[in-house]
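J.: Pasting a structure below so you can have a look.
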Amino acid sequence: MTTSPTGPELSGPLFGAGEPPISSLPVREGPSFESLDPRTGDVVGVHAIHSAEEVEAAVERSRLAAIWWRDIGFEGRKEFLLQWRSVITRRLAQLSQLVHLETGKPHGDAQLEIGLAIDHVNWAAKNAKKVLGATSVSSGVFAINHASSVRYNPLGVVGVIGPWNYPVFTPLGSITYALAAGNGVVFKPSEYTPGVGRWLVDTFTEVVGGRPVLQLVTGYGETGAALCRAGVDKVAFTGSANTGKRVMAACAENLVPVVIEAGGKDSVIVDEDADLAAAAEGALWSGMSNAGQTCIGAERVYVHRAVFEPFMAELLEQARTVTAHAANDSLIGPITMPSQLEVIQRHIDDAIAKGGRVVLGGAGAVGERFVQPTIITHVPEDSAAITEETFGPTLVVNPVDDMDEAVQLTNATEYGLAGSVYGKRRAVSIAERVRSGMTSINAVAMFAGVPSLPFGGVGQSGFGRIHGPDGLREFTYAKAITRQRFKPLLNLTSMQRDEATDKNAALLINLLYGGRKTLR
Ligand code: NAD
């Protein structure tokens, strides 16, 4: 493939036989649904509810185009992905507005999430070859006459099922890495953010000259379930743990592997030697930004008893100006998914009923569309606000006697996604003891902005990784190759192998590994 000033020249079949040059399934008569502005309830767009047959057709279209995409190699894909990066960047304001409309989050937050996603597109494009390309490895003693190498091949077509809370950053963590690895992708965005999904698929398709490498399917859970059964080679799911279980069950029918990026119950741990102003700033932002609808957002704060009072004073002082309302300058937006209001209300009520002390917001903080920031202290550890994902602008802040207790309580949840530690002397050792996929020290969520780091959790937060080298390998299969360079001294894989060869093989094994004394 050659590169022109306007980008790589296209070669190979453009579309599957008889297929139109469009990214998404044709606009057609049939069932549809509306995407709404959660601040007002206004209709933002109308999208198709795609049937199982339409989803299968999208997978087939992507499969054909993916052959071309695979065959242009790392360098070819890099050119297209970097072009896509630039297109997203140039149209940042347009995409931010769409994210703002469909999620209700402030423009600045939308821009931040898109900016981080762009950095990932850039990283995946530039590093796929180094991470996935053929690499020589040592052949060891038995195959000393062979050259050994490993490369990571694309799986085929990856189904990506996304959530609404970060409708650009989150799905692109799978889509970009799957594409960079050479796969076709069929993307099912959340029913709350289909317009953002369409925008992403349409811009990529524009960049690759209309080839349907990345396809869009829209609809509710049934469309997602259909994608799991549509012949894809892997499913990357981001959403709640409960839906993740349904996705796994559907994928199990055909032994389709899955990545599950599910929820969390992250904590911020504040040690006695922490910078309290910084810790309060981080905990507040992590808990309240995006109206608390962040998988890696803080929901719990464990503070060393020695600094609990001054920490709370800082936190409340900084929280004073944070309110949620419909105007464009609101620091936090509405609750995007109306059904979540009930969950948030239940968690607040339960925490208060069990003896929690409300220091901000409280039972009346939950409105029809907006929830005002709520901070509750001394909440018993068996409260729903501690054991379940709240997904609202709430923080539970509890004092702890020491950092062992902070780690033990942090790890007591069934989730294990991310978290933060604020402190000096012990911060790294505390971070290492937290059972989660990611921890930031003296900051919040910074790991998400480091493209070379893996992103994912343990326990009910899921498994598998997006981002970084692990995220690229997630969408491949390892292929091992050995090549004989010269005839072996001991021919072990022959029907003519004789007694002398077996004796020499035994001698060799003994020489190599028989030296260490038995432990008593
Ligand atoms: P959700 O589980 O309700 O939906 C996620 C997606 O799954 C949607 O596209 C939905 O249509 C689809 N879906 C629903 N039922 C399905 C089924 N039976 N089969 C296949 N697909 C189906 O989650 P949500 O409300 O959109 O997102 C919020 C959740 O996502 C929170 O728990 C949050 O913590 C989590 N999340 C996790 C990460 C992460 O990286 N770990 C990132 C963002 C959000």
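Identifiers in this document derive from the order of the structure tokens: chains are assigned A, B, ..., residues are numbered from 1 separately in each chain, and ligands are numbered from 1 in order of occurrence.
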Report as a short mmCIF file (atom, residue, chain, number, x, y, z; two decimals) with C-alpha atoms, in the first residue's frame all protein, DNA and RNA residues lying within 8 Å of Pro380 in chain A, evaluated on only C-alpha atoms, omitting residues in the same chain fewer than 5 positions from it.
T.:
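As a result, part-v4.cif now contains:
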data_model
loop_
_atom_site.label_atom_id
_atom_site.label_comp_id
_atom_site.auth_asym_id
_atom_site.auth_seq_id
_atom_site.Cartn_x
_atom_site.Cartn_y
_atom_site.Cartn_z
CA ALA A 351 -27.09 4.59 54.98
CA LYS A 354 -28.25 2.46 59.63
CA GLY A 355 -26.75 5.46 61.45
CA GLY A 356 -24.77 7.33 58.77
CA ILE A 386 -20.85 0.41 50.83
#
J.: Give me the residues within 7 Å of range 499-516 of chain A as an mmCIF file with N, CA and C atoms, in the first residue's frame, counting only C-alpha atoms and dropping any in the same chain fewer than 2 places off.
T.:
data_model
loop_
_atom_site.group_PDB
_atom_site.id
_atom_site.type_symbol
_atom_site.label_atom_id
_atom_site.label_comp_id
_atom_site.auth_asym_id
_atom_site.auth_seq_id
_atom_site.Cartn_x
_atom_site.Cartn_y
_atom_site.Cartn_z
ATOM 1 N N LEU A 490 20.220 -35.083 18.549
ATOM 2 C CA LEU A 490 19.376 -36.179 19.045
ATOM 3 C C LEU A 490 18.037 -36.084 18.327
ATOM 4 N N ARG A 497 13.950 -43.686 16.395
ATOM 5 C CA ARG A 497 14.665 -43.339 17.618
ATOM 6 C C ARG A 497 15.105 -44.622 18.326
ATOM 7 N N THR A 518 17.263 -32.395 47.005
ATOM 8 C CA THR A 518 15.876 -32.433 47.462
ATOM 9 C C THR A 518 15.748 -31.654 48.760
#
J.: Let me have all residues with an atom within 6 Å of ligand 1, counting only C-alpha atoms and all ligand atoms, laid out as number ranges by chain.
T.: A: 161-164, 170, 189-191, 220-222, 224-225, 238-240, 243, 246-247, 261-264, 295, 456
J.: Range 173-212 of chain A: which residues are strand (DSSP E or B) by DSSP, as a ChimeraX atom specification?
T.: /A:184-188
J.: Taking 4 positions as the minimum chain separation for residues in the same chain, which residues sit within 7 Å of range 459-472 of chain A when counting only C-alpha atoms? Answer as a PyMOL selection string.
T.: chain A and resi 128+131+173-174+177-178+181+241+259-264+414-417+451-455
J.: Near Glu56 in chain A, within 10 Å and counting only C-alpha atoms, which residues show up once chain neighbours fewer than 5 positions away are dropped, as a list of chain:residue names?
T.: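 What passes the distance filter is A:His50, A:Ser51, A:Arg61, A:Ser62, A:Val186, A:Val217, A:Ala226, A:Leu227, A:Cys228, A:Arg229, A:Ala230, A:Gly231, A:Val232.
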J.: Given only C-alpha atoms, how would the per-residue table for range 132-203 of chain A near range 93-105 of chain A read, listing every residue at most 8 Å away with its closest atom pair and distance in Å to one decimal, sorted by chain and number, as JSON lines?
T.:
{"residue": "A:Trp164", "atom": "CA", "partner": "A:Thr103", "partner_atom": "CA", "distance": 7.1}
{"residue": "A:Asn165", "atom": "CA", "partner": "A:Thr103", "partner_atom": "CA", "distance": 7.0}
{"residue": "A:Pro167", "atom": "CA", "partner": "A:Val99", "partner_atom": "CA", "distance": 7.3}
{"residue": "A:Tyr192", "atom": "CA", "partner": "A:Glu102", "partner_atom": "CA", "distance": 6.7}
{"residue": "A:Thr193", "atom": "CA", "partner": "A:Glu102", "partner_atom": "CA", "distance": 5.6}
{"residue": "A:Gly195", "atom": "CA", "partner": "A:Leu98", "partner_atom": "CA", "distance": 7.2}
{"residue": "A:Val196", "atom": "CA", "partner": "A:Leu98", "partner_atom": "CA", "distance": 6.3}
{"residue": "A:Trp199", "atom": "CA", "partner": "A:Leu95", "partner_atom": "CA", "distance": 7.5}
J.: Please save C-alpha atoms of the selected residues as an mmCIF file, in the first residue's frame.
T.:
data_model
loop_
_atom_site.group_PDB
_atom_site.id
_atom_site.type_symbol
_atom_site.label_atom_id
_atom_site.label_comp_id
_atom_site.auth_asym_id
_atom_site.auth_seq_id
_atom_site.Cartn_x
_atom_site.Cartn_y
_atom_site.Cartn_z
ATOM 1 C CA TRP A 164 -23.583 5.186 28.091
ATOM 2 C CA ASN A 165 -21.552 6.825 30.855
ATOM 3 C CA PRO A 167 -19.766 6.629 25.308
ATOM 4 C CA TYR A 192 -28.871 5.887 25.721
ATOM 5 C CA THR A 193 -26.039 6.979 23.400
ATOM 6 C CA GLY A 195 -25.963 8.863 18.210
ATOM 7 C CA VAL A 196 -22.425 8.907 19.593
ATOM 8 C CA TRP A 199 -20.814 9.255 14.809
#
J.: Let's see if you can do this: from backbone DSSP, list all helix (DSSP H, G or I) residues in range 154-301 of chain A, as a count of residues only.
T.: 63
J.: Counting only C-alpha atoms, which of A:Val46, A:Ile175, A:Met288, A:Val270 gets nearest to Thr321 in chain A?
T.: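 Smallest separation from Thr321 in chain A among the options: A:Met288.
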J.: Name all residues at most 8 Å from range 137-146 of chain A (count only C-alpha atoms; drop same-chain ones fewer than 6 positions away) and give them as a list in words.
T.: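 My list of contacting residues is Thr482, Arg483, Gln484, Arg485, Phe486, Lys487 and Pro488 of chain A.
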J.: Put those residues in a file: N, CA and C atoms, as a PDB file, in the first residue's frame.
T.:
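Resulting contents of part26.pdb:
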ATOM      1  N   THR A 482       7.972 -22.705  15.001  1.00  0.00           N
ATOM      2  CA  THR A 482       9.384 -23.086  15.080  1.00  0.00           C
ATOM      3  C   THR A 482       9.846 -23.459  13.670  1.00  0.00           C
ATOM      4  N   ARG A 483      11.090 -23.133  13.343  1.00  0.00           N
ATOM      5  CA  ARG A 483      11.641 -23.462  12.012  1.00  0.00           C
ATOM      6  C   ARG A 483      12.989 -24.151  12.212  1.00  0.00           C
ATOM      7  N   GLN A 484      13.082 -25.407  11.693  1.00  0.00           N
ATOM      8  CA  GLN A 484      14.344 -26.147  11.883  1.00  0.00           C
ATOM      9  C   GLN A 484      15.457 -25.498  11.063  1.00  0.00           C
ATOM     10  N   ARG A 485      16.568 -25.210  11.746  1.00  0.00           N
ATOM     11  CA  ARG A 485      17.699 -24.539  11.062  1.00  0.00           C
ATOM     12  C   ARG A 485      18.744 -25.565  10.620  1.00  0.00           C
ATOM     13  N   PHE A 486      18.936 -26.619  11.406  1.00  0.00           N
ATOM     14  CA  PHE A 486      19.867 -27.694  11.030  1.00  0.00           C
ATOM     15  C   PHE A 486      19.403 -28.978  11.704  1.00  0.00           C
ATOM     16  N   LYS A 487      19.909 -30.108  11.200  1.00  0.00           N
ATOM     17  CA  LYS A 487      19.447 -31.410  11.712  1.00  0.00           C
ATOM     18  C   LYS A 487      19.815 -31.562  13.189  1.00  0.00           C
ATOM     19  N   PRO A 488      18.940 -32.199  13.988  1.00  0.00           N
ATOM     20  CA  PRO A 488      19.215 -32.319  15.433  1.00  0.00           C
ATOM     21  C   PRO A 488      20.312 -33.342  15.722  1.00  0.00           C
TER      22      PRO A 488
END
